[in-house]
Amino acid sequence: MKTAELIAKGESLPIMEAFYTIQGEGRFTGYPAYFIRLGGCDVGCVWCDVKESWEAGKWPVQSIEKIVSEAEKFPGRLAVITGGEPLMYDLGPLTSLLKEKGFTINIETSGAHPFSGDFDWVCFSPKKFKKPHSSIYSKANELKVVVFHSSDFAFAEEHAKLVKKDCELRIQPEWSKSEKFTPEIINYTKSHPNWKISLQTHKFMDIP
Ligand SMILES: C[S@@+](CC[C@H](N)C(=O)[O-])C[C@H]1O[C@@H](n2cnc3c(N)ncnc32)[C@H](O)[C@@H]1O
Ligand SMILES: Nc1nc2[nH]cc(C(=O)O)c2c(=O)[nH]1
Ligand code: SF4
Ligand SMILES: [Mg+2]
């Protein structure tokens, strides 16, 4: 089969990088996890901290068997699928193979493409730059909104209305604007206690 066909079926995927680290953000902050970063994103966030991921074509394509066999070399059995935007691909085959090998699987996504795959935890981080696909709202376990501008609090509330009742709500300061917005985020969370704060703790620890 041609590479393009294998990618379309989700049997092979462009891999920007894969690394064993500590989940820095959100619900599973502090958990050791194997990150699989897929290449390719068409959302275009001005403040994206992995812009080099955007061009799918520049990353090597690997079979899901190879991706999972690399993951198995590490002792942890929590995998985080991220990118780039991982939902640009059919994640069914990759997640079923990871499951077969005993992994718990989380995803980091903007939700901008149709949902696929079988996940234990879905972290949905909507973006103003490309509207989320309707399929994400019933799947999200966590809504993690990055604050880069004061208007992002209202954007966060709009999305909070659309997710499931038990979806956990988090606000995360955009890294470069952290100093400016952290006091506002603290005050917002104290006055809107249905929200919690998420920080990019890996950046403080200087780990991947
Ligand atoms: C790089 S993205 C990849 C996954 C997916 N494309 C997404 O945006 O959710 C992983 C997480 O990092 C967040 N993020 C990206 N750049 C950031 C920045 N400069 N400051 C804070 N969070 C950021 C995203 O919102 C997302 O929650
Ligand atoms: N340690 C660590 N935790 C993370 N949580 C989400 C990340 C991502 O880029 O998706 C990320 C990342 O890049 N590194
Ligand atoms: S959706 Fe995610 S990977 Fe894509 S530009 Fe935005 S933060 Fe970066
Ligand atoms: Mg990151």
# chains A, B, ... in the order shown; residues from 1 in each chain; ligands from 1
call {"tool": "residues_near_ligand", "arguments": {"ligand": "ligand 2", "cutoff": "12 Å", "atoms": "only C-alpha atoms and all ligand atoms", "output": "ChimeraX atom specification"}}
result
/A:16-39,48-53,79-86,106-110,122-125,144,172,198-208
call {"tool": "residues_around", "arguments": {"residues": "Ala56 (chain A)", "least_positions_apart": "2", "cutoff": "7 Å", "atoms": "only C-alpha atoms", "output": "list in words"}}
result
Pro14, Gly39, Gly40, Ser53, Trp54, Lys58 and Trp59 of chain A
call {"tool": "write_last_selection", "arguments": {"atoms": "C-alpha atoms", "output": "PDB file, in the first residue's frame"}}
result
ATOM      1  CA  PRO A  14       3.831  11.150  10.655  1.00  0.00           C
ATOM      2  CA  GLY A  39       3.166  16.007  12.718  1.00  0.00           C
ATOM      3  CA  GLY A  40       0.642  18.296  11.009  1.00  0.00           C
ATOM      4  CA  SER A  53       4.951  20.539  14.025  1.00  0.00           C
ATOM      5  CA  TRP A  54       2.566  22.202  11.582  1.00  0.00           C
ATOM      6  CA  LYS A  58       8.478  17.100   6.972  1.00  0.00           C
ATOM      7  CA  TRP A  59       8.113  14.298   9.558  1.00  0.00           C
TER       8      TRP A  59
END
call {"tool": "atom_distance", "arguments": {"atom1": "atom 1 (S, counted along the ligand's line) of ligand 3", "atom2": "CA of Lys2 (chain A)"}}
result
27.6 Å
call {"tool": "select_by_dssp", "arguments": {"residues": "region 13-85 of chain A", "states": "strand (DSSP E)", "output": "number ranges by chain"}}
result
A: 13-22, 32-38, 61-63, 78-83
call {"tool": "closest_residue", "arguments": {"among": "A:Cys167, A:Glu174, A:Asp90, A:Pro183", "to": "ligand 4", "atoms": "only C-alpha atoms and all ligand atoms"}}
result
A:Glu174
call {"tool": "closest_residue", "arguments": {"among": "A:Trp175, A:Ser96, A:Lys73, A:Phe129", "to": "ligand 4", "atoms": "only C-alpha atoms and all ligand atoms"}}
result
A:Trp175
call {"tool": "closest_residue", "arguments": {"among": "A:Ser63, A:Ser151, A:Asn194, A:Ser138", "to": "Thr3 (chain A)", "atoms": "only C-alpha atoms"}}
result
A:Ser63
call {"tool": "closest_residue", "arguments": {"among": "A:Ala112, A:Val68, A:Ala8, A:Leu78", "to": "Cys41 (chain A)", "atoms": "only C-alpha atoms"}}
result
A:Ala112
call {"tool": "closest_residue", "arguments": {"among": "A:Tyr188, A:Ser116, A:Gly111, A:Trp195", "to": "ligand 1", "atoms": "only C-alpha atoms and all ligand atoms"}}
result
A:Gly111
call {"tool": "select_by_dssp", "arguments": {"residues": "region 1-46 of chain A", "states": "helix (DSSP H, G or I)", "output": "list of chain:residue names"}}
result
A:Thr3, A:Ala4, A:Glu5, A:Leu6, A:Ile7, A:Ala8, A:Lys9, A:Gly26, A:Arg27, A:Phe28
call {"tool": "write_last_selection", "arguments": {"atoms": "N, CA and C atoms", "output": "mmCIF file, in the first residue's frame"}}
result
data_model
loop_
_atom_site.group_PDB
_atom_site.id
_atom_site.type_symbol
_atom_site.label_atom_id
_atom_site.label_comp_id
_atom_site.auth_asym_id
_atom_site.auth_seq_id
_atom_site.Cartn_x
_atom_site.Cartn_y
_atom_site.Cartn_z
ATOM 1 N N THR A 3 2.136 5.060 0.947
ATOM 2 C CA THR A 3 2.213 5.770 2.238
ATOM 3 C C THR A 3 0.946 6.601 2.494
ATOM 4 N N ALA A 4 0.492 7.321 1.472
ATOM 5 C CA ALA A 4 -0.697 8.173 1.649
ATOM 6 C C ALA A 4 -1.915 7.352 2.054
ATOM 7 N N GLU A 5 -2.038 6.159 1.468
ATOM 8 C CA GLU A 5 -3.171 5.276 1.809
ATOM 9 C C GLU A 5 -3.057 4.771 3.243
ATOM 10 N N LEU A 6 -1.833 4.411 3.635
ATOM 11 C CA LEU A 6 -1.601 3.926 5.001
ATOM 12 C C LEU A 6 -1.927 5.017 6.017
ATOM 13 N N ILE A 7 -1.565 6.273 5.676
ATOM 14 C CA ILE A 7 -1.873 7.393 6.581
ATOM 15 C C ILE A 7 -3.391 7.595 6.633
ATOM 16 N N ALA A 8 -4.035 7.539 5.480
ATOM 17 C CA ALA A 8 -5.492 7.737 5.432
ATOM 18 C C ALA A 8 -6.228 6.697 6.280
ATOM 19 N N LYS A 9 -5.676 5.484 6.328
ATOM 20 C CA LYS A 9 -6.297 4.418 7.132
ATOM 21 C C LYS A 9 -5.875 4.468 8.593
ATOM 22 N N GLY A 26 -2.721 19.993 33.041
ATOM 23 C CA GLY A 26 -4.067 19.433 33.143
ATOM 24 C C GLY A 26 -4.240 18.385 34.223
ATOM 25 N N ARG A 27 -5.265 17.564 34.062
ATOM 26 C CA ARG A 27 -5.699 16.589 35.056
ATOM 27 C C ARG A 27 -4.586 15.636 35.493
ATOM 28 N N PHE A 28 -3.724 15.233 34.568
ATOM 29 C CA PHE A 28 -2.699 14.234 34.881
ATOM 30 C C PHE A 28 -1.312 14.842 35.079
#
call {"tool": "closest_residue", "arguments": {"among": "A:Val146, A:Ile136, A:Met1, A:Leu97", "to": "ligand 3", "atoms": "only C-alpha atoms and all ligand atoms"}}
result
A:Val146
call {"tool": "atom_distance", "arguments": {"atom1": "atom 14 (N, counted along the ligand's line) of ligand 1", "atom2": "CA of Glu72 (chain A)"}}
result
26.6 Å
call {"tool": "decode", "arguments": {"residues": "region 106-143 of chain A", "atoms": "C-alpha atoms", "output": "PDB file, in the first residue's frame"}}
result
ATOM      1  CA  ASN A 106      -4.986  10.288  26.754  1.00  0.00           C
ATOM      2  CA  ILE A 107      -5.262  12.854  23.965  1.00  0.00           C
ATOM      3  CA  GLU A 108      -4.430  16.549  23.723  1.00  0.00           C
ATOM      4  CA  THR A 109      -6.574  18.105  20.996  1.00  0.00           C
ATOM      5  CA  SER A 110      -8.042  21.340  19.688  1.00  0.00           C
ATOM      6  CA  GLY A 111     -11.036  19.306  18.507  1.00  0.00           C
ATOM      7  CA  ALA A 112     -10.842  20.964  15.097  1.00  0.00           C
ATOM      8  CA  HIS A 113     -11.324  17.667  13.202  1.00  0.00           C
ATOM      9  CA  PRO A 114     -13.795  14.767  13.532  1.00  0.00           C
ATOM     10  CA  PHE A 115     -13.187  12.640  16.610  1.00  0.00           C
ATOM     11  CA  SER A 116     -11.623   9.184  16.196  1.00  0.00           C
ATOM     12  CA  GLY A 117      -9.951   6.622  18.448  1.00  0.00           C
ATOM     13  CA  ASP A 118     -10.629   5.110  21.853  1.00  0.00           C
ATOM     14  CA  PHE A 119      -9.310   7.239  24.717  1.00  0.00           C
ATOM     15  CA  ASP A 120      -9.363   7.059  28.501  1.00  0.00           C
ATOM     16  CA  TRP A 121      -9.092  10.839  28.819  1.00  0.00           C
ATOM     17  CA  VAL A 122      -9.799  13.574  26.297  1.00  0.00           C
ATOM     18  CA  CYS A 123      -8.261  16.976  26.954  1.00  0.00           C
ATOM     19  CA  PHE A 124     -10.005  19.463  24.667  1.00  0.00           C
ATOM     20  CA  SER A 125      -8.314  22.834  24.161  1.00  0.00           C
ATOM     21  CA  PRO A 126     -10.520  24.851  21.768  1.00  0.00           C
ATOM     22  CA  LYS A 127      -9.025  27.580  19.642  1.00  0.00           C
ATOM     23  CA  LYS A 128     -10.377  30.833  18.184  1.00  0.00           C
ATOM     24  CA  PHE A 129      -8.271  30.207  15.092  1.00  0.00           C
ATOM     25  CA  LYS A 130     -10.311  27.207  13.853  1.00  0.00           C
ATOM     26  CA  LYS A 131     -13.752  26.242  15.105  1.00  0.00           C
ATOM     27  CA  PRO A 132     -13.968  22.896  16.892  1.00  0.00           C
ATOM     28  CA  HIS A 133     -15.819  20.042  15.162  1.00  0.00           C
ATOM     29  CA  SER A 134     -19.166  19.228  16.816  1.00  0.00           C
ATOM     30  CA  SER A 135     -18.031  15.629  17.583  1.00  0.00           C
ATOM     31  CA  ILE A 136     -15.662  16.756  20.362  1.00  0.00           C
ATOM     32  CA  TYR A 137     -18.224  18.098  22.841  1.00  0.00           C
ATOM     33  CA  SER A 138     -19.618  14.726  23.963  1.00  0.00           C
ATOM     34  CA  LYS A 139     -16.087  13.267  24.235  1.00  0.00           C
ATOM     35  CA  ALA A 140     -14.222  15.915  26.243  1.00  0.00           C
ATOM     36  CA  ASN A 141     -13.333  14.936  29.822  1.00  0.00           C
ATOM     37  CA  GLU A 142     -11.431  18.163  30.352  1.00  0.00           C
ATOM     38  CA  LEU A 143     -11.767  21.604  28.797  1.00  0.00           C
TER      39      LEU A 143
END
